[in-house]
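Trainee: This one is structure-v5.cif, mmCIF, C-alpha atoms.
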```cif
data_upload
#
loop_
_atom_site.label_atom_id
_atom_site.label_comp_id
_atom_site.auth_asym_id
_atom_site.auth_seq_id
_atom_site.Cartn_x
_atom_site.Cartn_y
_atom_site.Cartn_z
CA MET A 6 314.74 96.25 -116.30
CA ILE A 7 316.41 99.05 -114.39
CA GLU A 8 316.89 99.67 -110.69
CA ARG A 9 314.85 102.59 -109.30
CA ALA A 10 314.99 104.04 -105.81
CA THR A 11 312.44 102.21 -103.67
CA PRO A 12 309.34 104.41 -103.29
CA LYS A 13 308.55 105.28 -99.68
CA ALA A 14 305.13 103.63 -100.00
CA PHE A 15 306.79 100.31 -100.87
CA ARG A 16 308.27 100.05 -97.33
CA PRO A 17 307.33 97.61 -95.93
CA PRO A 18 307.43 95.01 -97.44
CA GLU A 19 310.34 96.22 -99.57
CA THR A 20 313.58 96.66 -97.65
CA ASN A 21 316.12 97.13 -100.42
CA ALA A 22 317.28 100.57 -101.51
CA THR A 23 316.17 99.91 -105.07
CA VAL A 24 313.47 97.98 -106.90
CA ALA A 25 313.74 96.46 -110.37
CA MET A 26 311.33 98.16 -112.76
CA LEU A 27 310.62 98.11 -116.46
CA PRO A 28 310.59 101.60 -118.01
CA LEU A 29 307.66 102.08 -120.36
CA VAL A 30 308.85 105.45 -121.68
CA ARG A 31 311.80 106.42 -123.81
CA ASP A 32 313.47 108.73 -121.34
CA PRO A 33 313.12 107.36 -117.79
CA ALA A 34 314.93 110.37 -116.34
CA ARG A 35 312.41 113.06 -117.21
CA PRO A 36 309.21 113.68 -115.24
CA TRP A 37 306.07 112.05 -116.65
CA SER A 38 302.38 112.52 -116.07
CA PRO A 39 301.22 110.08 -113.40
CA GLY A 40 298.65 107.43 -114.15
CA TRP A 41 296.20 105.54 -111.94
CA CYS A 42 296.75 102.45 -109.83
CA THR A 43 294.51 100.67 -107.37
CA TYR A 44 294.79 99.18 -103.90
CA PRO A 45 294.50 95.40 -104.28
CA ASP A 46 292.58 94.81 -101.04
CA GLY A 47 290.21 91.90 -101.55
CA PHE A 48 291.47 91.09 -105.03
CA ASP A 49 292.30 87.52 -104.03
CA GLU A 50 288.71 86.88 -102.97
CA ASN A 51 287.25 88.19 -106.23
CA PRO A 52 287.36 85.47 -108.90
CA ASP A 53 286.90 87.98 -111.72
CA ILE A 54 290.13 89.86 -110.94
CA GLU A 55 293.73 89.17 -111.95
CA ILE A 56 296.79 91.39 -111.75
CA ILE A 57 299.18 91.75 -114.65
CA CYS A 58 301.67 94.20 -113.18
CA GLY A 59 302.12 97.04 -110.72
CA GLY A 60 303.77 100.38 -111.22
CA GLU A 61 305.98 102.85 -109.41
CA ASN A 62 303.51 104.59 -107.15
CA GLU A 63 302.84 106.34 -103.87
CA LYS A 64 300.20 103.93 -102.53
CA MET A 65 301.82 100.59 -101.83
CA ALA A 66 304.10 98.00 -103.37
CA ARG A 67 301.24 95.73 -104.37
CA ALA A 68 299.04 98.40 -105.95
CA ALA A 69 297.80 97.22 -109.34
CA ALA A 70 298.58 99.15 -112.52
CA CYS A 71 297.58 96.68 -115.22
CA TRP A 72 294.86 94.33 -114.07
CA ARG A 73 291.62 92.79 -115.23
CA GLN A 74 288.15 92.60 -113.75
CA GLY A 75 285.81 90.63 -115.96
CA ASN A 76 285.83 92.17 -119.43
CA LEU A 77 287.56 95.35 -118.23
CA LEU A 78 291.34 95.62 -118.43
CA HIS A 79 292.85 98.53 -116.55
CA PHE A 80 295.90 99.96 -118.31
CA GLY A 81 296.73 102.55 -115.69
CA PHE A 82 299.75 104.11 -117.35
CA GLU A 83 298.87 107.57 -118.61
CA GLN A 84 301.33 107.99 -121.46
CA SER A 85 300.21 107.98 -125.07
CA PRO A 86 301.91 105.55 -127.45
CA ALA A 87 304.03 108.41 -128.78
CA GLU A 88 305.49 108.84 -125.30
CA MET A 89 306.06 105.15 -124.66
CA ASN A 90 309.07 103.09 -125.57
CA GLU A 91 308.81 99.80 -127.42
CA LYS A 92 308.08 97.84 -124.24
CA GLY A 93 305.30 100.21 -123.28
CA ARG A 94 303.69 100.04 -126.71
CA ARG A 95 304.01 96.28 -126.75
CA LEU A 96 302.40 96.06 -123.32
CA LEU A 97 299.48 98.14 -124.58
CA LEU A 98 299.04 95.99 -127.70
CA ASN A 99 299.23 92.79 -125.72
CA CYS A 100 296.70 94.10 -123.22
CA ILE A 101 294.36 94.83 -126.12
CA ALA A 102 294.85 91.34 -127.53
CA TYR A 103 294.51 89.71 -124.10
CA ILE A 104 291.21 91.29 -123.10
CA THR A 105 289.56 90.28 -126.36
CA ARG A 106 289.58 86.72 -125.02
CA PHE A 107 287.22 87.64 -122.17
CA THR A 108 283.87 87.87 -123.88
CA GLU A 109 281.85 86.20 -121.11
CA ASP A 110 283.50 87.29 -117.88
CA ARG A 111 282.05 90.34 -116.12
CA PRO A 112 282.80 92.42 -113.04
CA ILE A 113 280.73 90.80 -110.31
CA ALA A 114 280.73 92.65 -106.98
CA VAL A 115 279.19 96.08 -106.45
CA THR A 116 281.89 98.28 -104.98
CA GLN A 117 281.06 101.93 -104.52
CA SER A 118 284.08 104.20 -104.76
CA VAL A 119 285.18 106.27 -101.78
CA PHE A 120 285.24 109.21 -104.17
CA ALA A 121 281.51 108.97 -104.82
CA GLY A 122 280.46 109.47 -101.22
CA PRO A 123 280.46 107.75 -97.85
CA VAL A 124 281.08 104.02 -98.06
CA ALA A 125 281.93 101.22 -95.64
CA LEU A 126 285.62 100.45 -95.75
CA PRO A 127 287.10 96.96 -96.04
CA ARG A 128 288.45 95.08 -93.06
CA ALA A 129 291.88 95.11 -94.67
CA TYR A 130 292.41 98.51 -93.07
CA LEU A 131 291.85 97.00 -89.64
CA ASP A 132 293.95 93.96 -90.50
CA ARG A 133 297.00 96.17 -90.49
CA ARG A 134 296.11 98.22 -87.45
CA LEU A 135 294.50 95.72 -85.11
CA GLY A 136 295.43 92.37 -86.61
CA GLN A 137 299.11 93.04 -87.13
CA ASN A 138 299.96 95.92 -84.80
CA GLY A 139 297.34 95.49 -82.07
CA ASP A 140 297.08 99.27 -82.07
CA THR A 141 293.74 101.06 -81.76
CA SER A 142 295.13 104.59 -81.85
CA ASP A 143 294.37 105.11 -85.56
CA SER A 144 291.15 103.11 -85.78
CA ALA A 145 288.49 105.55 -84.62
CA TRP A 146 287.54 106.40 -88.20
CA LEU A 147 287.07 102.71 -89.02
CA LEU A 148 285.58 101.13 -85.91
CA ASN A 149 282.49 102.23 -84.04
CA ASN A 150 282.88 104.23 -80.86
CA HIS A 151 281.66 101.48 -78.58
CA LEU A 152 284.34 99.10 -79.77
CA ILE A 153 287.03 101.74 -79.62
CA ASP A 154 286.12 102.40 -75.99
CA GLU A 155 286.12 98.69 -75.27
CA LEU A 156 289.57 98.13 -76.77
CA LYS A 157 291.23 101.33 -75.62
CA GLY A 158 293.95 100.72 -73.06
CA ARG A 159 294.19 96.99 -73.71
CA ASN A 160 297.62 95.67 -74.52
CA ARG A 161 298.51 94.76 -78.07
CA ASP A 162 298.28 91.02 -77.66
CA VAL A 163 294.77 91.30 -76.27
CA VAL A 164 293.76 93.55 -79.19
CA ARG A 165 295.21 91.13 -81.72
CA LYS A 166 293.43 88.21 -80.09
CA TRP A 167 290.15 90.12 -80.00
CA TYR A 168 290.49 90.99 -83.66
CA THR A 169 291.20 87.42 -84.69
CA GLU A 170 288.07 86.29 -82.89
CA TYR A 171 285.74 89.05 -84.03
CA ARG A 172 286.94 89.88 -87.54
CA PRO A 173 284.54 87.35 -89.15
CA TYR A 174 281.63 89.17 -87.53
CA LEU A 175 282.53 92.77 -88.35
CA HIS A 176 280.15 94.60 -90.62
CA PRO A 177 279.26 98.25 -91.30
CA GLY A 178 276.76 99.86 -88.95
CA ALA A 179 274.42 102.73 -89.68
CA ASP A 180 277.30 105.19 -89.56
CA LEU A 181 279.32 102.90 -91.88
CA LYS A 182 281.92 102.28 -89.20
CA LEU A 183 282.56 98.62 -88.51
CA GLU A 184 280.83 96.94 -85.60
CA VAL A 185 280.20 93.38 -84.46
CA ASP A 186 277.11 91.82 -85.97
CA ALA A 187 275.56 90.56 -82.75
CA GLU A 188 273.11 88.26 -84.51
CA ALA A 189 275.83 86.58 -86.55
CA ARG A 190 277.95 86.24 -83.44
CA THR A 191 275.09 84.69 -81.49
CA LEU A 192 274.49 82.13 -84.23
CA GLY A 193 278.21 81.49 -84.62
CA ALA A 194 277.80 82.33 -88.30
CA PRO A 195 280.94 84.08 -89.60
CA ILE A 196 279.63 86.43 -92.26
CA ASP A 197 282.60 85.96 -94.60
CA ARG A 198 282.84 82.17 -94.67
CA VAL A 199 280.61 79.77 -96.52
CA GLU A 200 279.72 78.18 -93.17
CA PHE A 201 277.61 81.28 -92.72
CA PHE A 202 274.97 79.65 -94.90
CA ASP A 203 275.18 76.33 -93.06
CA LYS A 204 274.58 78.06 -89.75
CA ALA A 205 271.95 80.51 -90.95
CA ILE A 206 269.93 77.96 -92.90
CA ALA A 207 270.10 75.48 -90.00
CA ALA A 208 268.76 78.16 -87.67
CA LEU A 209 266.05 78.94 -90.19
CA ARG A 210 265.08 75.28 -90.30
CA SER A 211 265.17 74.81 -86.52
CA GLY A 212 262.15 76.95 -85.80
CA SER A 213 263.92 78.14 -82.67
CA ASP A 214 264.27 81.62 -81.25
CA HIS A 215 267.02 82.20 -83.80
CA THR A 216 264.77 81.86 -86.84
CA GLN A 217 264.07 85.56 -87.16
CA ALA A 218 267.71 86.42 -86.70
CA ALA A 219 268.64 83.93 -89.41
CA THR A 220 266.11 85.48 -91.77
CA ARG A 221 267.59 88.92 -91.16
CA LEU A 222 271.16 87.65 -91.60
CA LEU A 223 270.36 86.01 -94.92
CA ALA A 224 268.66 89.19 -96.10
CA ARG A 225 271.71 91.18 -94.99
CA TYR A 226 274.48 89.10 -96.54
CA ALA A 227 273.17 86.60 -99.09
CA PRO A 228 273.30 87.56 -102.78
CA ALA A 229 270.73 90.17 -103.66
CA ASP A 230 268.95 87.89 -106.14
CA SER A 231 268.15 85.38 -103.38
CA ALA A 232 265.70 87.76 -101.73
CA HIS A 233 262.73 85.77 -103.06
CA LEU A 234 263.66 82.63 -101.12
CA ASP A 235 261.04 82.16 -98.43
CA SER A 236 261.49 78.72 -96.86
CA PRO A 237 264.26 76.54 -95.44
CA ALA A 238 263.72 74.09 -98.30
CA ALA A 239 264.13 76.83 -100.88
CA TRP A 240 267.31 78.00 -99.17
CA ASP A 241 268.64 74.44 -99.04
CA GLN A 242 268.09 74.01 -102.76
CA TRP A 243 269.63 77.37 -103.57
CA TYR A 244 272.65 76.66 -101.38
CA ASN A 245 273.23 73.24 -102.89
CA GLU A 246 273.13 74.73 -106.36
CA ASN A 247 275.36 77.70 -105.63
CA ARG A 248 277.79 76.75 -102.88
CA PRO A 249 280.81 76.12 -105.18
CA TYR A 250 280.33 79.49 -106.83
CA LEU A 251 279.91 81.77 -103.81
CA PHE A 252 282.36 84.43 -102.69
CA PHE A 253 282.18 87.22 -100.13
CA SER A 254 283.09 90.86 -100.77
CA ASP A 255 283.72 93.44 -98.06
CA GLN A 256 284.57 96.15 -100.57
CA GLY A 257 281.60 98.36 -99.90
CA ASP A 258 278.49 96.31 -99.42
CA TYR A 259 279.63 93.34 -97.30
CA ARG A 260 277.69 90.79 -99.27
CA TRP A 261 277.98 87.38 -100.90
CA TYR A 262 277.96 86.98 -104.68
CA VAL A 263 277.52 84.11 -107.09
CA ASP A 264 280.26 83.72 -109.70
CA ALA A 265 277.95 83.33 -112.71
CA LEU A 266 280.70 82.33 -115.13
CA ALA A 267 281.92 79.54 -112.85
CA LYS A 268 278.36 78.34 -112.38
CA LYS A 269 277.72 78.37 -116.12
CA ARG A 270 280.82 76.26 -116.71
CA GLY A 271 280.22 74.01 -113.71
CA VAL A 272 283.68 74.76 -112.34
CA PRO A 273 284.10 75.79 -108.68
CA SER A 274 284.84 79.48 -108.49
CA LYS A 275 288.10 78.88 -106.62
CA ASP A 276 289.33 76.86 -109.59
CA LEU A 277 288.31 79.32 -112.28
CA ARG A 278 290.78 82.15 -112.00
CA GLY A 279 292.90 84.33 -114.24
CA PRO A 280 293.37 83.22 -117.86
CA ALA A 281 291.09 80.21 -117.26
CA ARG A 282 288.15 82.61 -117.35
CA ALA A 283 288.84 83.49 -120.99
CA SER A 284 286.35 82.36 -123.60
CA ARG A 285 288.74 82.45 -126.53
CA PRO A 286 292.26 80.98 -126.83
CA MET B 21 300.14 118.14 -109.72
CA ARG B 22 298.86 117.15 -106.32
CA GLN B 23 300.74 114.94 -104.02
CA CYS B 24 299.28 111.48 -103.69
CA SER B 25 298.03 110.72 -100.22
CA SER B 26 297.33 107.46 -98.52
CA LEU B 27 293.66 106.64 -98.29
CA GLU B 28 294.22 104.95 -95.01
CA THR B 29 296.04 107.77 -93.31
CA ASP B 30 294.06 110.68 -94.59
CA LEU B 31 290.68 109.70 -95.94
CA ASP B 32 289.14 113.14 -95.98
CA VAL B 33 292.01 114.66 -97.88
CA VAL B 34 291.93 111.96 -100.50
CA VAL B 35 288.19 112.00 -100.91
CA SER B 36 288.27 115.68 -101.64
CA SER B 37 291.25 115.36 -103.94
CA HIS B 38 290.45 112.44 -106.14
CA ARG B 39 293.10 113.45 -108.59
CA SER B 40 295.54 111.45 -106.57
CA GLU B 41 298.08 111.28 -109.30
CA CYS B 42 300.55 108.82 -108.12
CA MET B 43 301.84 106.33 -110.65
CA LYS B 44 304.82 106.74 -112.90
CA PRO B 45 305.42 104.87 -116.16
CA PHE B 46 307.57 102.16 -114.64
CA ALA B 47 306.08 98.71 -114.42
CA VAL B 48 306.66 96.53 -111.37
CA LEU B 49 306.45 92.77 -111.40
CA LEU B 50 303.72 91.66 -108.99
CA SER B 51 302.73 88.19 -109.93
CA ILE B 52 302.30 86.28 -113.11
CA VAL B 53 301.45 87.70 -116.45
CA PHE B 54 304.24 90.14 -116.97
CA ALA B 55 305.06 88.35 -120.20
CA LEU B 56 302.39 90.62 -121.64
CA ALA B 57 305.14 93.20 -121.99
CA GLY B 58 307.07 90.78 -124.14
CA ASP B 59 306.54 89.38 -127.57
CA SER B 60 303.70 87.05 -126.64
CA THR B 61 301.11 88.23 -129.11
CA HIS B 62 301.64 87.29 -132.72
CA ALA B 63 301.26 89.93 -135.39
CA ALA B 64 298.58 87.79 -137.02
CA ASP B 65 296.44 88.03 -133.89
CA LEU B 66 296.61 91.79 -133.93
CA ASP B 67 295.90 91.95 -137.67
CA LYS B 68 292.50 90.41 -137.09
CA LEU B 69 291.36 92.68 -134.31
CA LYS B 70 288.71 95.32 -134.82
CA VAL B 71 289.30 98.09 -132.32
CA LEU B 72 287.29 101.16 -131.38
CA TYR B 73 289.21 103.95 -129.64
CA LEU B 74 286.97 106.26 -127.61
CA GLY B 75 288.62 109.46 -126.56
CA ASP B 76 289.11 112.98 -127.80
CA PRO B 77 290.07 112.35 -131.43
CA ALA B 78 290.89 115.97 -132.25
CA THR B 79 293.49 116.34 -129.51
CA PRO B 80 297.19 115.55 -129.95
CA ARG B 81 296.73 112.61 -127.56
CA GLY B 82 293.83 111.21 -129.55
CA LYS B 83 295.83 111.52 -132.77
CA GLN B 84 298.82 109.81 -131.21
CA PHE B 85 296.68 106.83 -130.25
CA GLU B 86 295.16 106.68 -133.72
CA GLU B 87 298.56 106.89 -135.44
CA PHE B 88 299.85 104.06 -133.31
CA LEU B 89 296.83 101.78 -133.42
CA ARG B 90 296.08 101.94 -137.18
CA PRO B 91 299.22 100.21 -138.46
CA ASN B 92 299.30 97.69 -135.63
CA LEU B 93 295.74 96.36 -135.60
CA GLY B 94 293.32 94.95 -138.15
CA ARG B 95 290.72 97.67 -138.18
CA VAL B 96 290.75 100.82 -136.10
CA GLN B 97 288.07 103.44 -135.69
CA VAL B 98 288.36 106.48 -133.48
CA ALA B 99 285.33 108.19 -132.02
CA SER B 100 284.43 110.89 -129.60
CA ARG B 101 283.87 109.60 -126.11
CA THR B 102 281.23 112.21 -125.42
CA ALA B 103 279.09 111.43 -128.47
CA PHE B 104 279.39 107.65 -128.27
CA LYS B 105 276.37 105.37 -128.31
CA PRO B 106 277.02 101.85 -126.95
CA ALA B 107 275.49 100.15 -130.01
CA GLU B 108 278.31 101.64 -132.09
CA ALA B 109 280.67 99.13 -130.45
CA ASN B 110 278.79 96.09 -131.73
CA GLU B 111 280.99 95.45 -134.74
CA PHE B 112 284.27 95.71 -132.82
CA ASP B 113 286.23 93.11 -130.86
CA VAL B 114 287.51 95.51 -128.25
CA VAL B 115 287.04 99.09 -127.10
CA LEU B 116 289.75 101.39 -125.73
CA LEU B 117 288.26 103.95 -123.40
CA ASP B 118 290.49 106.98 -122.87
CA TRP B 119 288.73 109.08 -120.25
CA PRO B 120 290.86 111.57 -118.31
CA GLN B 121 289.90 112.98 -114.94
CA SER B 122 287.94 116.19 -115.31
CA GLY B 123 289.24 117.96 -112.23
CA SER B 124 285.84 118.37 -110.64
CA ASP B 125 284.67 116.49 -107.59
CA TYR B 126 282.76 113.23 -107.99
CA LYS B 127 280.79 113.66 -104.79
CA GLY B 128 277.19 114.69 -104.95
CA ARG B 129 276.74 114.60 -108.69
CA GLN B 130 275.55 112.03 -111.16
CA PHE B 131 278.48 110.57 -113.00
CA LEU B 132 277.53 108.80 -116.20
CA ALA B 133 279.75 106.37 -118.04
CA PRO B 134 280.24 106.89 -121.79
CA LEU B 135 279.72 103.14 -122.20
CA GLY B 136 276.17 103.25 -120.86
CA GLU B 137 274.91 100.98 -118.10
CA ARG B 138 277.21 98.46 -116.47
CA ALA B 139 274.76 95.57 -116.83
CA ASP B 140 274.43 96.15 -120.57
CA TRP B 141 278.11 96.46 -121.47
CA THR B 142 279.57 93.18 -122.76
CA LYS B 143 282.46 94.30 -124.94
CA PRO B 144 286.05 93.53 -123.89
CA THR B 145 287.45 96.92 -122.94
CA VAL B 146 290.80 98.50 -122.13
CA LEU B 147 290.57 101.37 -119.66
CA VAL B 148 293.44 103.74 -120.43
CA GLY B 149 294.99 105.84 -117.67
CA SER B 150 292.34 107.34 -115.39
CA ALA B 151 289.45 105.74 -117.27
CA GLY B 152 289.64 102.96 -114.69
CA LEU B 153 288.98 105.40 -111.88
CA ASN B 154 286.20 107.20 -113.70
CA LEU B 155 284.42 104.01 -114.66
CA ALA B 156 284.82 102.62 -111.14
CA VAL B 157 283.00 105.64 -109.77
CA ALA B 158 280.25 105.48 -112.39
CA TRP B 159 279.68 101.71 -112.36
CA LYS B 160 280.69 100.71 -108.83
CA VAL B 161 283.33 98.31 -110.04
CA ARG B 162 286.81 97.95 -108.55
CA GLY B 163 289.35 100.66 -109.21
CA GLY B 164 287.83 103.50 -107.24
CA SER B 165 289.97 103.30 -104.13
CA GLY B 166 293.05 105.38 -103.78
#
```
Could you render the structure from this file as structure tokens?

Mentor:
Amino acid sequence: MIERATPKAFRPPETNATVAMLPLVRDPARPWSPGWCTYPDGFDENPDIEIICGGENEKMARAAACWRQGNLLHFGFEQSPAEMNEKGRRLLLNCIAYITRFTEDRPIAVTQSVFAGPVALPRAYLDRRLGQNGDTSDSAWLLNNHLIDELKGRNRDVVRKWYTEYRPYLHPGADLKLEVDAEARTLGAPIDRVEFFDKAIAALRSGSDHTQAATRLLARYAPADSAHLDSPAAWDQWYNENRPYLFFSDQGDYRWYVDALAKKRGVPSKDLRGPARASRP
Amino acid sequence: MRQCSSLETDLDVVVSSHRSECMKPFAVLLSIVFALAGDSTHAADLDKLKVLYLGDPATPRGKQFEEFLRPNLGRVQVASRTAFKPAEANEFDVVLLDWPQSGSDYKGRQFLAPLGERADWTKPTVLVGSAGLNLAVAWKVRGGSG
């Protein structure tokens, strides 16, 4: 390992002048073609993803350079083996050997890239602005105009408190900016927690004024392959069968998914992470 | 080389300049499995692996990958990424996809993956360099933010 000047994008959380890094090329001093790394927002919620290492980059300290989603292992360093040093070549070989163990795991969530066209952005961007800083000044491109107007001029503590309360109900509106899902809020069904299904299915079963709202909420957020479910009993059965394997993704489509590998193995998704998802030793 | 921008501070700029080239070949410890850079894989394991490298075999880069992979793995075949048919991967344990950014904009055009459809691809795969970005755009998997 060598000490490299801390990249600007690493601050915060890094505070030291240097960061320990492992050079993967023979001559660390010369300029090298940059590779590709990825923001890790939402990685912890996705059971099919694990991070192997980061890289020196201009995004953030936690950006992922080598990481796995299902049967895909991202080796984001651009250099060819002829340009790498022994550590770099060994990392590549070990990545090749490692991913061969994942013959059953697959990428699960559907996450349209921002580079492919307009897409709803994850709440992680608001976490930093509203949740941590209580500052709405740089949120107009993320939050719908009505909410911006409502929060403008409020002090930071009030904004933080509002965000804590409403974050579980934020979803993309027609313009893809985030807005409060009024139906979810009315039912007290946080769209990103498994209690969402308890609340929505209970409302469905109740036959009350909320039945139609519950039907719409389930269509909006439940896994796409549950669209055929047409009765409270069918939803109950589905929920009982799938509850341990459900996870929510706000990386594009704001929807729940079933972790098929965890379900196949009968292991709760939260307990089937990283190397445990391999199919070969 | 373009300067990397922050998605969060300048979305429009980044969306129009997807060649955000921003990572240098220095690995940073983030969590757990950094031992992968060590001597954790036995030579015998590598000797058994059948690997298909998909890239541009005639280029110096393609030849450098081939020259490195052949003596280090059990069986290595190199093939053109552009002419590849997914069924050709059946007999291999793992595929290396080397797919550089083309320089043109992703927006508004159909972007097809060399590996075919996402739902049909089952082979363990290493995405080299910008292949992770390209495949993320084509398949709507993670890796397309930045």

Trainee: Residues of chain A no more than 6 Å from chain B, counting all atoms listed in the file: send them over as a PyMOL selection string.

Mentor: chain A and resi 26-29+39-41+43+57-63+76-83+87+92+95-96+99+104-105+115-118+120-122

Trainee: Select from region 106-205 of chain A every residue with an atom at most 7 Å from any atom of region 247-266 of chain A, then for each give the shortest pair of atoms and their distance in Å to one decimal, using all atoms listed in the file, rows by chain and rising number, as JSON lines.

Mentor:
```
{"residue": "A:Asp110", "atom": "CA", "partner": "A:Leu266", "partner_atom": "CA", "distance": 6.3}
{"residue": "A:Ala114", "atom": "CA", "partner": "A:Tyr262", "partner_atom": "CA", "distance": 6.7}
{"residue": "A:Thr116", "atom": "CA", "partner": "A:Gly257", "partner_atom": "CA", "distance": 5.1}
{"residue": "A:Gln117", "atom": "CA", "partner": "A:Gly257", "partner_atom": "CA", "distance": 5.9}
{"residue": "A:Val124", "atom": "CA", "partner": "A:Gly257", "partner_atom": "CA", "distance": 6.0}
{"residue": "A:Ala125", "atom": "CA", "partner": "A:Gly257", "partner_atom": "CA", "distance": 5.1}
{"residue": "A:Leu126", "atom": "CA", "partner": "A:Gly257", "partner_atom": "CA", "distance": 6.1}
{"residue": "A:Pro127", "atom": "CA", "partner": "A:Gln256", "partner_atom": "CA", "distance": 5.3}
{"residue": "A:His176", "atom": "CA", "partner": "A:Tyr259", "partner_atom": "CA", "distance": 6.8}
{"residue": "A:Asp197", "atom": "CA", "partner": "A:Phe253", "partner_atom": "CA", "distance": 5.7}
```

Trainee: Need the neighbours of (274.4, 104.9, -85.8): which residues are at most 12 Å away, counting only C-alpha atoms, as JSON, numbers by chain?

Mentor: {"A": [148, 149, 150, 151, 177, 178, 179, 180, 181, 182, 183, 184]}

Trainee: Given the selection you just returned, output its residues as a file containing C-alpha atoms, formatted as a short mmCIF file (atom, residue, chain, number, x, y, z; two decimals), keeping the file's coordinate frame.

Mentor:
```cif
data_model
loop_
_atom_site.label_atom_id
_atom_site.label_comp_id
_atom_site.auth_asym_id
_atom_site.auth_seq_id
_atom_site.Cartn_x
_atom_site.Cartn_y
_atom_site.Cartn_z
CA LEU A 148 285.58 101.13 -85.91
CA ASN A 149 282.49 102.23 -84.04
CA ASN A 150 282.88 104.23 -80.86
CA HIS A 151 281.66 101.48 -78.58
CA PRO A 177 279.26 98.25 -91.30
CA GLY A 178 276.76 99.86 -88.95
CA ALA A 179 274.42 102.73 -89.68
CA ASP A 180 277.30 105.19 -89.56
CA LEU A 181 279.32 102.90 -91.88
CA LYS A 182 281.92 102.28 -89.20
CA LEU A 183 282.56 98.62 -88.51
CA GLU A 184 280.83 96.94 -85.60
#
```

Trainee: Evaluating the PyMOL selection byres ((chain A and resi 194) around 12) on the displayed file yields which residues, as a PyMOL selection string?

Mentor: chain A and resi 171-175+185-193+195-208+215+218-219+222-223+226

Trainee: Just to confirm, what's the straight-line distance from CA of Pro12 (chain A) to CA of Pro45 (chain A) in Å (one decimal)?

Mentor: 17.4 Å

Trainee: Excluding Pro106 (chain B) and its own-chain neighbours fewer than 5 positions away, which residues fall within 9 Å of it when counting all atoms listed in the file? Please give them as a ChimeraX atom specification.

Mentor: /B:134-136,140-141

Trainee: Need the shell around Asp53 (chain A): protein/DNA/RNA residues with any atom at most 8 Å away, counting all atoms listed in the file. Skip same-chain ones fewer than 6 positions apart. Format as a PyMOL selection string?

Mentor: chain A and resi 73-75+110-113+278-279+282

Trainee: Quick one: distance from CA of Thr23 (chain A) to CA of Arg35 (chain A) in Å, one decimal?

Mentor: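 Result for CA of Thr23 (chain A) versus CA of Arg35 (chain A): 18.3 Å, one decimal.
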
Trainee: Listed atoms of region 95-99 of chain B, axis-aligned box, 5 Å per side: centre and edge lengths to one decimal in Å, as lines of an AutoDock Vina configuration file?

Mentor:
```
center_x = 288.0
center_y = 102.9
center_z = -135.1
size_x = 15.4
size_y = 20.5
size_z = 16.2
```

Trainee: Run the PyMOL selection byres ((chain A and resi 165-170) around 8) on the file and write out the hits as a ChimeraX atom specification.

Mentor: /A:135-139,161-164,171-173

Trainee: One decimal, in Å: what's the spacing between CA of Arg225 (chain A) and CA of Pro237 (chain A)?

Mentor: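 Computing it gives 16.4 Å between the two atoms.
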
Trainee: For Pro77 (chain B), find every residue with an atom within 7 Å (counting all atoms listed in the file), except residues of its own chain fewer than 2 positions away, and show them as a PDB file with C-alpha atoms, in the coordinates of the input.

Mentor:
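Below is the file that was written, result32.pdb:
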```
ATOM      1  CA  GLY B  75     288.620 109.460-126.560  1.00  0.00           C
ATOM      2  CA  THR B  79     293.490 116.340-129.510  1.00  0.00           C
ATOM      3  CA  GLY B  82     293.830 111.210-129.550  1.00  0.00           C
ATOM      4  CA  LYS B  83     295.830 111.520-132.770  1.00  0.00           C
ATOM      5  CA  VAL B  98     288.360 106.480-133.480  1.00  0.00           C
ATOM      6  CA  ALA B  99     285.330 108.190-132.020  1.00  0.00           C
ATOM      7  CA  SER B 100     284.430 110.890-129.600  1.00  0.00           C
TER       8      SER B 100
END
```

Trainee: Taking all atoms listed in the file into account, which of B:Asp67, B:Leu132, B:Arg90, B:Glu137 comes nearest Thr102 (chain B)?

Mentor: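 Under the stated criterion, the closest residue is B:Leu132.
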